[in-house]
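Below is one structure, written out as structure tokens, with a few remarks after it.
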Amino acid sequence: MYVLAAITGVTDINPFVLSLAQGGVADMSLRALATAILIAVASNNMLNACYALLFGGVRACLRPALVLFGLGLAGLVAALLYLQGIG
């Protein structure tokens with residue numbers, strides 16, 4: 001599920017997140033569902049940072065891209081902590 005969440009992050013994450021939020025996968029804990037959503041969102045933020053740099057240019061979009069990369073990294077860290085029961 002977590003690999004699928006990361007792959008989904010490079011596409012449109014809305015259907016994936018809505019599917020998980022509406023009941024998700026049978027026999028999957030809420031912690032695992034939340035972790036999958038965090039991974040998808042983090043992956044999507046990192047992809048958006050790449051888009052910003054690619055289409056907007058480094059000069060114009062470096063700061064927003066760094067913020068998006070930071071959010072993506074924070075999301076992955078939160079997912080790891082949450083998965084381990086720390087969050």
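Chain labels A, B, ... are given in the sequence in which chains occur in the structure tokens; within each chain residues are numbered consecutively from 1, and ligands are likewise numbered from 1 in the order shown.
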With a cut-off of 10 Å, could you pull out the residues of stretch 28-58 of chain A touching stretch 8-22 of chain A and give me the nearest pair of atoms for each, distance in Å to one decimal, using only C-alpha atoms, ordered by chain and ascending number, as a Markdown table?
```
| residue | atom | partner | partner_atom | distance |
| --- | --- | --- | --- | --- |
| A:Met28 | CA | A:Leu20 | CA | 9.8 |
| A:Leu30 | CA | A:Ala21 | CA | 9.4 |
| A:Leu33 | CA | A:Leu20 | CA | 6.4 |
| A:Ala34 | CA | A:Leu20 | CA | 8.4 |
| A:Ala36 | CA | A:Leu20 | CA | 8.5 |
| A:Ile37 | CA | A:Val17 | CA | 6.0 |
| A:Leu38 | CA | A:Val17 | CA | 9.4 |
| A:Ile39 | CA | A:Gly9 | CA | 7.5 |
| A:Ala40 | CA | A:Gly9 | CA | 4.4 |
| A:Val41 | CA | A:Gly9 | CA | 6.1 |
| A:Ala42 | CA | A:Gly9 | CA | 7.3 |
| A:Ser43 | CA | A:Gly9 | CA | 4.7 |
| A:Asn44 | CA | A:Gly9 | CA | 4.2 |
| A:Asn45 | CA | A:Gly9 | CA | 8.0 |
| A:Met46 | CA | A:Val10 | CA | 8.6 |
| A:Leu47 | CA | A:Val10 | CA | 6.1 |
| A:Asn48 | CA | A:Val10 | CA | 8.6 |
```
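Proximity of A:Ala32, A:Leu4, A:Val25, A:Cys50 to A:Leu66, computed with only C-alpha atoms, is greatest for A:Cys50.
Relative to atom CA of A:Ala49, atom CA of A:Ala74 is found at 13.9 Å.
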If you run DSSP over the backbone, which residues in chain A end up helix (DSSP H, G or I)? Put them as a ChimeraX atom specification.
/A:2-8,14-21,30-56,58-83
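We find atom CA of A:Leu81 and atom CA of A:Thr35 to be spaced 9.2 Å apart.
Going from atom CA of A:Ala26 over to atom CA of A:Met1, you cover 12.1 Å.
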